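Enquirer: I am attaching a structure below and will ask some questions about it afterwards.
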Amino acid sequence: MTTLQQAPTKRRWLTHLALIAGTLVMVYPLLWMVGGSFKDEKDIFSQLNPFPGSLDPRNYVAGWTATDPTFTRFYVNSLLIAVLAVAGNVIACTLTAYAFARLEFRGKKVFFGIMLGSIMLPAHALLIPQYVLFFNLGWVNTYLPLVVPKFLATDAFFIFLMVQFIRTIPRTLDEAAMIDGCGKVRIFSRIVLPLTGPVLITTMIFTFIWTYNDFFAQLIYLSYPSSETVPVALRRFVDATGDSSYGQLLAMSVLSLVPTFIVFLLAQRRIVEGIATTGLKG
Amino acid sequence: MSLGTTIAAPAGHEPAPDVRDGSTRPRRRGDRVAYLFLAPWFAGLLLLTTGPLLGSLYLSFTKFNLLQPPAWNGFGNYLKLFTDDPRYLQSLKVTFIYVALTVPLQLGFALAVAVMLNRPLRGMAWYRSIYYIPSLLGGSVAIAVIWGQLFDDDGVLNGFLAFFGVAGRSWISNPDTALYTLVLLNIWQFGSPMVIFLAGLKQIPQELYDAASVDGASAWRRFWSVTVPLLTPIIFFNVVLQIIQAFQAFTPAYVVSGGSGGPSDSTLFYTLYLYQQGFTNLNMGYASAMAWVLLLIIATFTLINFGLARRWVYYEDR
């Protein structure tokens, strides 16, 4: 806080005023959604004031069971897929990253280049043959097309993130372990893996949020109501309810954001740090 | 860092791997262990990345509907895309407009707010979190659903306009405005580039600002002569990333238009049309050709970006 940077009081107030005005614009859509989910149908659109008269949960109760199967099923599907994806990314990406960061093998430079290149590859370029493959395996309408790729380290971005991190772990640790007779596998499991905590958590957080929010892949692979996830079900809910029950639609929209929001509250600092230092998209 | 090379060979069977000699000497044992670690990634690379990449290239030259074997079609799909498919050209147009508007506007907002937040300010962490939240939630189906409601006939925007005596209309069901509501939705999510900018701003040494102030530079001048040049690597990074992402936007258009890209194809994003062709009409060869054109477009933009970077991105250590 140098004196030069300490703005005059008046300017500081103006900055706050501008930032608060911005805040209102930014959060209004969210407030409107949450408020509307507690309102009567007729009040949702006629009132600009986002705050409801009372916290009547009936839109939530009715919305949750308005579909067949109910939203319980969709949440189970969504959370299971997200958790399995997290497990897959953590296991497969650490194995791969360790090899790239610490082991020597023929073709390393070429493979590393390919791995980096695959980060920027648009998913659509791979989409149709992947679909054909999963279709022929009979995996459409199961979790498998959404989960198995994670166990094969297809999220190269996290590999890159971990390689960068493992490179900061002092090699002397590996060497000390090697002198003690540890092989590569034990060095990985006993030395490197326990030290990758921060980057593992970043990977888990972002894999969870991205998988949970992902729509495109789930839309393509899950078309039975019983296999649907929250985003897909919510999207179908729009058609199913039509113009009749916006309250329920808003209530289910609010609920669908809750898991992401909880993760944000729990891991806010790490999320912000993760984005700031690596450019992960939020 | 050079410790590794001075340590004598350990008692184990393997020679100490020299970390810096690349891979000039074959070390088969070491190779085997490494390939074991890489096995999942190799499988994924083969089955889910390079295989499908070449597969979609092949399919792009065929007619293929998933159920019958692909039938060779030469350049037919590509020819049709550019000469005989007005909806495709429309989807290109929509997507280019979207990219051209959202990338500069979103990054402009992100930078402006980041600069405002990058000063000793009470409650800065709060502001940062609140501005960031839309970008965390914004890609979801729920927000797209809400967006549709906000800008509809009886939506909130019109409520505000009525308050000021302006007659509103449905912004979503009007082909002239629908795309711009989606542009707005993307700008609203400026939080994540903002956080990246903030981190970059923190790296700029305060002395530079102090020196500039002593030399009599105004705040505006300091922004253009100190902040912007030193931030160019991060601006560059954000531009590359946002362009790649904007070309692939899908969810908002799909949800707001109910999957149609309407009204009158005004929100027919490239990926949405690809989805319709590939998965609604089962024209999978055609959709593969679209995917490859998209790949080439994105690659071209990225290469151009890297080429231009030499002219405007400033690296201190160069």
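Letters A, B, ... mark the chains of the structure tokens in the order given; residue numbers begin at 1 per chain; ligand numbers begin at 1, in order shown.
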Which neighbours of region 248-252 of chain B fall inside 7 Å, counting only C-alpha atoms, when residues of the same chain fewer than 5 positions from it are skipped, and could you give them as a list in words?
Expert: Phe215 of chain A; Val141, Ala144, Leu182, Phe269, Thr271 and Leu272 of chain B
Enquirer: Give me the residues within 8 Å of region 287-303 of chain B as JSON, numbers by chain, counting only C-alpha atoms and dropping any in the same chain fewer than 5 places off.
Expert: {"A": [121, 122, 124, 125, 128], "B": [56, 57, 59, 60, 61, 77, 78, 81, 240, 243, 244, 247, 274, 275, 277, 278]}
Enquirer: What are the residues of chain B lining chain A at 6 Å or less? Count only C-alpha atoms, and put the answer as a compact mmCIF listing (two decimals) with N, CA and C atoms, in the first residue's frame.
Expert:
# COMPACT_ATOMS: atom_id res chain seq x y z
N PRO B 10 23.16 -46.17 -8.22
CA PRO B 10 22.63 -46.78 -7.01
C PRO B 10 22.80 -48.29 -7.02
N GLY B 12 20.64 -50.57 -7.08
CA GLY B 12 19.64 -51.33 -7.84
C GLY B 12 20.20 -51.86 -9.15
N SER B 23 17.09 -39.06 -25.11
CA SER B 23 17.02 -40.51 -25.17
C SER B 23 17.96 -41.01 -26.25
N ASP B 31 12.59 -48.14 -20.54
CA ASP B 31 11.50 -47.95 -21.48
C ASP B 31 10.27 -48.73 -21.06
N ALA B 34 8.43 -47.20 -18.22
CA ALA B 34 7.76 -45.97 -18.65
C ALA B 34 6.52 -46.29 -19.47
N PHE B 37 3.62 -47.22 -17.36
CA PHE B 37 2.93 -46.05 -16.82
C PHE B 37 2.07 -45.37 -17.88
N LEU B 38 2.56 -45.42 -19.11
CA LEU B 38 1.86 -44.70 -20.17
C LEU B 38 0.76 -45.53 -20.83
N PRO B 40 -2.30 -46.58 -20.16
CA PRO B 40 -3.65 -46.04 -20.35
C PRO B 40 -3.68 -44.89 -21.36
N TRP B 41 -2.67 -44.03 -21.25
CA TRP B 41 -2.65 -42.88 -22.17
C TRP B 41 -2.48 -43.33 -23.62
N GLY B 44 -5.73 -44.61 -24.85
CA GLY B 44 -6.62 -43.50 -25.14
C GLY B 44 -6.21 -42.77 -26.40
N PRO B 52 -9.90 -41.81 -33.90
CA PRO B 52 -11.06 -41.02 -34.31
C PRO B 52 -10.73 -39.82 -35.18
N LEU B 53 -9.55 -39.22 -34.97
CA LEU B 53 -9.19 -38.07 -35.80
C LEU B 53 -9.08 -38.50 -37.25
N GLY B 55 -10.28 -41.33 -38.38
CA GLY B 55 -11.59 -41.87 -38.71
C GLY B 55 -12.53 -40.81 -39.23
N SER B 56 -12.55 -39.66 -38.58
CA SER B 56 -13.49 -38.63 -39.02
C SER B 56 -13.01 -38.02 -40.35
N SER B 135 -19.20 -16.93 -14.44
CA SER B 135 -18.44 -17.74 -15.40
C SER B 135 -18.33 -19.18 -14.93
N LEU B 136 -18.52 -19.40 -13.65
CA LEU B 136 -18.54 -20.78 -13.14
C LEU B 136 -19.85 -21.48 -13.50
N SER B 140 -23.86 -23.67 -17.88
CA SER B 140 -24.81 -24.74 -17.55
C SER B 140 -26.13 -24.58 -18.30
N VAL B 141 -26.86 -25.67 -18.34
CA VAL B 141 -28.18 -25.64 -18.96
C VAL B 141 -29.10 -24.70 -18.17
N ALA B 142 -28.98 -24.73 -16.83
CA ALA B 142 -29.87 -23.92 -16.00
C ALA B 142 -29.79 -22.45 -16.37
N SER B 192 -13.70 -15.60 -15.59
CA SER B 192 -12.46 -16.39 -15.57
C SER B 192 -11.31 -15.69 -16.28
N VAL B 195 -10.00 -13.19 -13.75
CA VAL B 195 -9.11 -13.73 -12.72
C VAL B 195 -7.70 -13.92 -13.28
N ILE B 196 -7.61 -14.36 -14.53
CA ILE B 196 -6.28 -14.53 -15.15
C ILE B 196 -5.58 -13.17 -15.29
N ALA B 199 -4.27 -11.95 -11.92
CA ALA B 199 -3.01 -12.58 -11.54
C ALA B 199 -1.85 -11.94 -12.29
N ALA B 291 -16.88 -31.22 -39.13
CA ALA B 291 -15.94 -31.23 -38.00
C ALA B 291 -14.53 -30.90 -38.48
N TRP B 292 -14.17 -31.44 -39.65
CA TRP B 292 -12.82 -31.17 -40.15
C TRP B 292 -12.66 -29.74 -40.59
Enquirer: Could you give me, as a list of chain:residue names, the residues within 10 Å of Tyr221 (chain A), counting only C-alpha atoms and dropping anything in the same chain fewer than 2 positions from it?
Expert: A:Tyr131, A:Phe134, A:Phe135, A:Trp139, A:Val140, A:Asn141, A:Thr142, A:Tyr143, A:Leu144, A:Pro145, A:Leu146, A:Phe216, A:Ala217, A:Gln218, A:Leu219, A:Ser223, A:Tyr224, A:Ser227, A:Glu228
Enquirer: Identify all residues of region 132-162 of chain B in helix (DSSP H, G or I) (DSSP on the backbone) and supply them as a list in words.
Expert: Tyr132, Ile133, Pro134, Ser135, Leu136, Leu137, Val141, Ala142, Ile143, Ala144, Val145, Ile146, Trp147, Gly148, Gln149, Leu150, Val156, Leu157, Asn158, Gly159, Phe160, Leu161 and Ala162 of chain B
Enquirer: Skipping near chain neighbours, those fewer than 3 positions away, what residues fall within 6 Å of region 61-76 of chain A using only C-alpha atoms, listed as an MDAnalysis selection string?
Expert: chainID A and resid 58 79:80 228:230 248
Enquirer: Would you save the residues of that selection, restricted to N, CA and C atoms, as a CSV table (one decimal), in the first residue's frame?
Expert:
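Output (result.csv):
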chain,number,residue,atom,x,y,z
A,58,ARG,N,-42.9,-25.1,-2.5
A,58,ARG,CA,-43.8,-26.1,-3.2
A,58,ARG,C,-43.3,-26.3,-4.6
A,79,LEU,N,-24.1,-37.4,-10.4
A,79,LEU,CA,-23.0,-37.5,-9.4
A,79,LEU,C,-22.1,-38.7,-9.6
A,80,LEU,N,-22.7,-39.8,-10.0
A,80,LEU,CA,-21.9,-41.0,-10.2
A,80,LEU,C,-21.0,-40.8,-11.4
A,228,GLU,N,-30.6,-40.4,-18.0
A,228,GLU,CA,-30.3,-39.0,-18.1
A,228,GLU,C,-29.7,-38.4,-16.9
A,229,THR,N,-28.9,-37.4,-17.2
A,229,THR,CA,-28.3,-36.6,-16.1
A,229,THR,C,-29.1,-35.3,-15.8
A,230,VAL,N,-28.6,-34.6,-14.8
A,230,VAL,CA,-29.4,-33.4,-14.5
A,230,VAL,C,-29.5,-32.4,-15.6
A,248,GLN,N,-41.6,-24.3,-11.2
A,248,GLN,CA,-40.9,-25.6,-11.1
A,248,GLN,C,-39.6,-25.6,-11.9
Enquirer: Would you compute the distance between CA of Gly36 (chain A) and CA of Asn158 (chain B)? Give it in Å to one decimal.
Expert: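 Spanning CA of Gly36 (chain A) to CA of Asn158 (chain B) is a straight-line distance of 16.3 Å.
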Enquirer: When you draw a straight line from CA of Arg32 (chain B) to CA of Leu45 (chain B), how long is it in Å?
Expert: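 Separation between CA of Arg32 (chain B) and CA of Leu45 (chain B): 18.0 Å.
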